[in-house]
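Asks: Got a structure for you, questions after.
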Amino acid sequence: MTLQRCILGKSGISVSELAFGTLPMGPMQANLTLEDGAKAIVRALELGVNFIDTATMYRTYEPIRLALTMHPTADVVINSKSAAATYEDMERDIELARTSLGRYPDIFMLHGARAAQPIEERPGAIECLCEYKAKGRLRAIGISTHYAHVAKAVASLDYIDVVHPLINRMGLGIMGGTREEMVEAIALLGKAGKGVYAMKALGGGNGLDQFAENISYVRNLEGMQAIAVGMISPQEVETDVAFFENVPLTAEMQAAITDSKRHKRIVVQAWCEGCGACVQTCPSGAISLQDGKAHCDPSKCVLCGYCTPGCPAFAIRVV
C-alpha cells in the first residue's frame, strides 16, 4: 500500500495525505539532536511522506536539510511559516529559510493569523509573500490559524492559496468560533479551491487515547486534504504511515502511539514574573494571569509550546 496523494486546492502542489509535523522535535518540545531529528524525517521520506511542515519559530530547518542530504529527492514539499508583521521581517524569515534549508520552501505562510483580513493585520508581511510568489521563489502562500472566523473569511481572498487550520474532534484550542463553525469554514475553503491541511488533529497529544477516531474525524471532513502530525522517531513514523495507509490499528500499534507521543503538559516555574507576555503569545487563550503568575488551563491548551519562546524569563516549559 502507498500513501494517498492529493493536490492542495488550485496550487497544483501534490502532497502526501500525511504531512510530517516538525514542531515536536524542535527545542520547544523534545529538543532532539540534529541526527535523531533527521533520522525520523528520512524514515518518513522512505515511506512516501513528501510533505514537511515547519516554521521559523520551530527552529527545525537544520534536521530537514540534513534529512534531504541523506535522502535526496526532488519530490519533497516544504511549508514554512513566520509570525512577521513587516515586509522586512518577513523577507528576513523567508531568506533564513532559504539559507538554512538550501532552497526556498514551496509554501510560506503568515503564522497564527488572528484577523479576518490578514492584509490588514500584517500588510507588509503579506506584500512580501505576494512579491516572492510573483517572482517564482514561492509556489504558494497562505496562513495558519486557530480562528474559525479567520478560516471562513480567507476563503474569499484570491491571494491566499493554502490554509492550515486547527481542528480536532474535541474542539480543543479552536478560537473565534465553535468546532462546528471551523468545520463549516474548512468545507467553504475546499469549495473555494483553497489547499487545506489540518493541525492539532490530536489536540497536541490530548487525544492520543483515541488516535484512530480522532485522526479519522479530521481526515473525513469535507474540504480536508492532508493532516500534519508531529513525529519524533522512525518507529512513530512507521506507525502513523501504516494508519494512513489504512492498516487497521491494533492494540500494539495504539500502545506504541501512546508511548511515543507521550502526554505533555505546560509547567510554569516559580520565577514567573507575571509580565503577561505568554498571555499574548498563546494562540488558544489557554494562559491567564492569576495571583501575579501565569496559569495554564489544560482544557484549552493544545501544547504547541508557543508560550515558551514568548516568555522573557524562560519560566514556561513543555514537559
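Convention: chains lettered A, B, ... in C-alpha cells order; per-chain residue numbering from 1; ligands numbered from 1 as shown.
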Skipping near chain neighbours, those fewer than 4 positions away, what residues fall within 8 Å of Pro283 in chain A using only C-alpha atoms, listed as a count of residues only?
Replies: 4
Asks: Run DSSP on the backbone and tell me which residues of range 185-216 of chain A come out as alpha helix (DSSP H); list them as a ChimeraX atom specification.
Replies: /A:185-191,211-216
Asks: Residues near range 199-206 of chain A, anyone? I mean within 7 Å using only C-alpha atoms, not counting same-chain ones fewer than 4 positions away, as a list in words.
Replies: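 Contacts, with the query itself left out: His164, Pro165, Leu166, Ile167, Asn168, Leu172, Asn214, Ile215, Val218, Ile227, Ala228, Lys261, His263, Val302, Leu303 and Cys304 of chain A.
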Asks: Write a file of the selected residues as a PDB file, in the first residue's frame, keeping N, CA and C atoms.
Replies:
ATOM      1  N   HIS A 164      -3.951  26.443   6.808  1.00  0.00           N
ATOM      2  CA  HIS A 164      -3.555  25.413   7.781  1.00  0.00           C
ATOM      3  C   HIS A 164      -4.334  25.671   9.070  1.00  0.00           C
ATOM      4  N   PRO A 165      -5.579  25.156   9.171  1.00  0.00           N
ATOM      5  CA  PRO A 165      -6.419  25.454  10.329  1.00  0.00           C
ATOM      6  C   PRO A 165      -6.274  24.424  11.450  1.00  0.00           C
ATOM      7  N   LEU A 166      -6.530  24.869  12.655  1.00  0.00           N
ATOM      8  CA  LEU A 166      -6.587  23.961  13.799  1.00  0.00           C
ATOM      9  C   LEU A 166      -7.976  23.338  13.860  1.00  0.00           C
ATOM     10  N   ILE A 167      -8.022  22.011  13.906  1.00  0.00           N
ATOM     11  CA  ILE A 167      -9.300  21.314  14.016  1.00  0.00           C
ATOM     12  C   ILE A 167      -9.076  19.958  14.670  1.00  0.00           C
ATOM     13  N   ASN A 168      -9.923  19.612  15.603  1.00  0.00           N
ATOM     14  CA  ASN A 168      -9.893  18.282  16.201  1.00  0.00           C
ATOM     15  C   ASN A 168     -11.272  17.931  16.732  1.00  0.00           C
ATOM     16  N   LEU A 172     -10.617  21.266  20.906  1.00  0.00           N
ATOM     17  CA  LEU A 172      -9.600  21.856  21.764  1.00  0.00           C
ATOM     18  C   LEU A 172      -8.762  22.881  21.008  1.00  0.00           C
ATOM     19  N   ASN A 214      -9.862  10.060  16.384  1.00  0.00           N
ATOM     20  CA  ASN A 214      -9.584  11.481  16.236  1.00  0.00           C
ATOM     21  C   ASN A 214      -8.963  11.829  14.886  1.00  0.00           C
ATOM     22  N   ILE A 215      -8.038  10.992  14.412  1.00  0.00           N
ATOM     23  CA  ILE A 215      -7.462  11.234  13.089  1.00  0.00           C
ATOM     24  C   ILE A 215      -8.521  11.033  12.005  1.00  0.00           C
ATOM     25  N   VAL A 218     -10.937  14.058  11.485  1.00  0.00           N
ATOM     26  CA  VAL A 218     -10.387  15.160  10.701  1.00  0.00           C
ATOM     27  C   VAL A 218     -10.181  14.741   9.252  1.00  0.00           C
ATOM     28  N   ILE A 227      -3.156  16.127   6.638  1.00  0.00           N
ATOM     29  CA  ILE A 227      -3.072  16.362   8.075  1.00  0.00           C
ATOM     30  C   ILE A 227      -1.609  16.351   8.493  1.00  0.00           C
ATOM     31  N   ALA A 228      -1.183  17.378   9.202  1.00  0.00           N
ATOM     32  CA  ALA A 228       0.166  17.413   9.763  1.00  0.00           C
ATOM     33  C   ALA A 228       0.143  16.735  11.129  1.00  0.00           C
ATOM     34  N   LYS A 261       4.113   9.171  21.606  1.00  0.00           N
ATOM     35  CA  LYS A 261       3.585  10.536  21.669  1.00  0.00           C
ATOM     36  C   LYS A 261       3.171  10.813  23.114  1.00  0.00           C
ATOM     37  N   HIS A 263       2.151  11.987  26.736  1.00  0.00           N
ATOM     38  CA  HIS A 263       1.358  13.118  27.215  1.00  0.00           C
ATOM     39  C   HIS A 263       2.291  14.183  27.779  1.00  0.00           C
ATOM     40  N   VAL A 302      -3.311  23.308  23.722  1.00  0.00           N
ATOM     41  CA  VAL A 302      -3.011  22.295  22.700  1.00  0.00           C
ATOM     42  C   VAL A 302      -1.516  21.981  22.667  1.00  0.00           C
ATOM     43  N   LEU A 303      -0.789  22.403  23.711  1.00  0.00           N
ATOM     44  CA  LEU A 303       0.611  22.023  23.895  1.00  0.00           C
ATOM     45  C   LEU A 303       1.481  22.367  22.697  1.00  0.00           C
ATOM     46  N   CYS A 304       1.202  23.502  22.080  1.00  0.00           N
ATOM     47  CA  CYS A 304       2.018  23.921  20.935  1.00  0.00           C
ATOM     48  C   CYS A 304       3.384  24.423  21.373  1.00  0.00           C
TER      49      CYS A 304
END
Asks: One number please: CA of Cys278 in chain A to CA of Arg169 in chain A, in Å, one decimal.
Replies: 26.0 Å
Asks: As JSON, numbers by chain, please: the residues near Ala187 in chain A (cut-off 8 Å, only C-alpha atoms, same-chain neighbours under 6 positions excluded).
Replies: {"A": [221, 222, 223, 224]}
Asks: Need to verify the contact set: range 90-105 of chain A, 12 Å, only C-alpha atoms, exclusion of same-chain residues closer than 6 positions in sequence. Can you return it as number ranges by chain?
Replies: A: 51-69, 74, 76-84, 111, 122-133, 136-141
Asks: Those selected residues, please, written with C-alpha atoms and delivered as a CSV table (one decimal), in the first residue's frame.
Replies:
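That gives us part16.csv:
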chain,number,residue,atom,x,y,z
A,51,PHE,CA,5.1,16.9,2.8
A,52,ILE,CA,7.0,18.6,5.7
A,53,ASP,CA,5.6,21.3,7.9
A,54,THR,CA,7.9,23.7,9.7
A,55,ALA,CA,8.1,27.3,10.8
A,56,THR,CA,10.7,30.0,11.7
A,57,MET,CA,9.6,29.6,15.4
A,58,TYR,CA,10.1,25.8,15.4
A,59,ARG,CA,13.9,26.1,14.6
A,60,THR,CA,13.9,22.7,12.8
A,61,TYR,CA,15.4,23.7,9.4
A,62,GLU,CA,18.7,22.0,10.1
A,63,PRO,CA,17.3,18.5,10.6
A,64,ILE,CA,15.2,18.9,7.5
A,65,ARG,CA,18.2,19.9,5.5
A,66,LEU,CA,20.3,17.0,6.8
A,67,ALA,CA,17.5,14.6,6.0
A,68,LEU,CA,17.3,15.8,2.4
A,69,THR,CA,21.1,15.4,2.2
A,74,ALA,CA,13.1,16.4,-5.7
A,76,VAL,CA,9.6,17.0,-1.2
A,77,VAL,CA,7.2,19.8,-0.5
A,78,ILE,CA,8.1,22.1,2.4
A,79,ASN,CA,5.8,24.6,4.1
A,80,SER,CA,7.1,27.2,6.5
A,81,LYS,CA,5.5,30.0,8.5
A,82,SER,CA,6.5,33.3,10.0
A,83,ALA,CA,4.9,35.5,12.6
A,84,ALA,CA,6.5,38.6,11.0
A,111,HIS,CA,1.9,32.2,11.1
A,122,ARG,CA,0.1,42.4,8.8
A,123,PRO,CA,0.1,44.3,5.4
A,124,GLY,CA,3.9,44.4,5.0
A,125,ALA,CA,4.3,40.6,5.5
A,126,ILE,CA,1.5,39.8,3.1
A,127,GLU,CA,3.0,42.2,0.5
A,128,CYS,CA,6.3,40.4,0.8
A,129,LEU,CA,4.8,36.9,0.4
A,130,CYS,CA,2.9,38.0,-2.7
A,131,GLU,CA,6.0,39.5,-4.2
A,132,TYR,CA,8.1,36.4,-3.6
A,133,LYS,CA,5.4,34.3,-5.2
A,136,GLY,CA,8.6,32.5,-8.6
A,137,ARG,CA,10.5,32.0,-5.4
A,138,LEU,CA,7.5,30.6,-3.6
A,139,ARG,CA,5.0,28.3,-5.3
A,140,ALA,CA,2.1,29.2,-2.9
A,141,ILE,CA,1.4,31.4,0.1
Asks: Considering only C-alpha atoms, give me a table of residues in range 209-302 of chain A that are at most 8 Å from range 1-23 of chain A, with the closest atom pair and distance in Å for each, as CSV.
Replies:
residue,atom,partner,partner_atom,distance
A:Gln225,CA,A:Glu17,CA,6.5
A:Ala226,CA,A:Glu17,CA,4.2
A:Ile227,CA,A:Leu18,CA,5.4
A:Ala228,CA,A:Ala19,CA,4.3
A:Val229,CA,A:Gly21,CA,5.0
A:Gly230,CA,A:Gly21,CA,4.1
A:Met231,CA,A:Gly21,CA,6.3
A:Ile232,CA,A:Thr22,CA,7.8
A:Val241,CA,A:Leu3,CA,7.3
A:Phe244,CA,A:Leu3,CA,6.6
A:Glu245,CA,A:Leu3,CA,5.5
Asks: Restricted to N, CA and C atoms, what would the selected residues look like written as an mmCIF file, in the first residue's frame?
Replies:
data_model
loop_
_atom_site.group_PDB
_atom_site.id
_atom_site.type_symbol
_atom_site.label_atom_id
_atom_site.label_comp_id
_atom_site.auth_asym_id
_atom_site.auth_seq_id
_atom_site.Cartn_x
_atom_site.Cartn_y
_atom_site.Cartn_z
ATOM 1 N N GLN A 225 -7.660 18.005 2.986
ATOM 2 C CA GLN A 225 -6.805 17.322 2.014
ATOM 3 C C GLN A 225 -5.624 16.602 2.648
ATOM 4 N N ALA A 226 -5.099 17.115 3.738
ATOM 5 C CA ALA A 226 -3.952 16.479 4.388
ATOM 6 C C ALA A 226 -3.953 16.855 5.863
ATOM 7 N N ILE A 227 -3.156 16.127 6.638
ATOM 8 C CA ILE A 227 -3.072 16.362 8.075
ATOM 9 C C ILE A 227 -1.609 16.351 8.493
ATOM 10 N N ALA A 228 -1.183 17.378 9.202
ATOM 11 C CA ALA A 228 0.166 17.413 9.763
ATOM 12 C C ALA A 228 0.143 16.735 11.129
ATOM 13 N N VAL A 229 0.987 15.734 11.293
ATOM 14 C CA VAL A 229 1.096 15.008 12.558
ATOM 15 C C VAL A 229 2.535 15.100 13.034
ATOM 16 N N GLY A 230 2.721 15.530 14.260
ATOM 17 C CA GLY A 230 4.061 15.631 14.805
ATOM 18 C C GLY A 230 4.652 14.253 15.057
ATOM 19 N N MET A 231 5.901 14.050 14.629
ATOM 20 C CA MET A 231 6.573 12.760 14.798
ATOM 21 C C MET A 231 8.010 12.993 15.204
ATOM 22 N N ILE A 232 8.537 12.112 16.082
ATOM 23 C CA ILE A 232 9.892 12.327 16.591
ATOM 24 C C ILE A 232 10.789 11.098 16.509
ATOM 25 N N VAL A 241 2.341 6.171 9.416
ATOM 26 C CA VAL A 241 2.204 5.894 7.986
ATOM 27 C C VAL A 241 1.299 4.691 7.766
ATOM 28 N N PHE A 244 -2.283 5.707 8.049
ATOM 29 C CA PHE A 244 -2.739 6.474 6.884
ATOM 30 C C PHE A 244 -2.808 5.611 5.622
ATOM 31 N N GLU A 245 -2.150 4.459 5.650
ATOM 32 C CA GLU A 245 -2.278 3.509 4.547
ATOM 33 C C GLU A 245 -3.429 2.540 4.789
#
Asks: Please compute the CA of Gly176 in chain A-CA of Lys194 in chain A distance, one decimal, in Å.
Replies: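 CA of Gly176 in chain A sits 20.1 Å away from CA of Lys194 in chain A.
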Asks: So the first atom is CA of Pro24 in chain A and the second is CA of Thr308 in chain A; what is the distance between them in Å, to one decimal place?
Replies: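 Rounded to one decimal, the two atoms are 13.0 Å apart.
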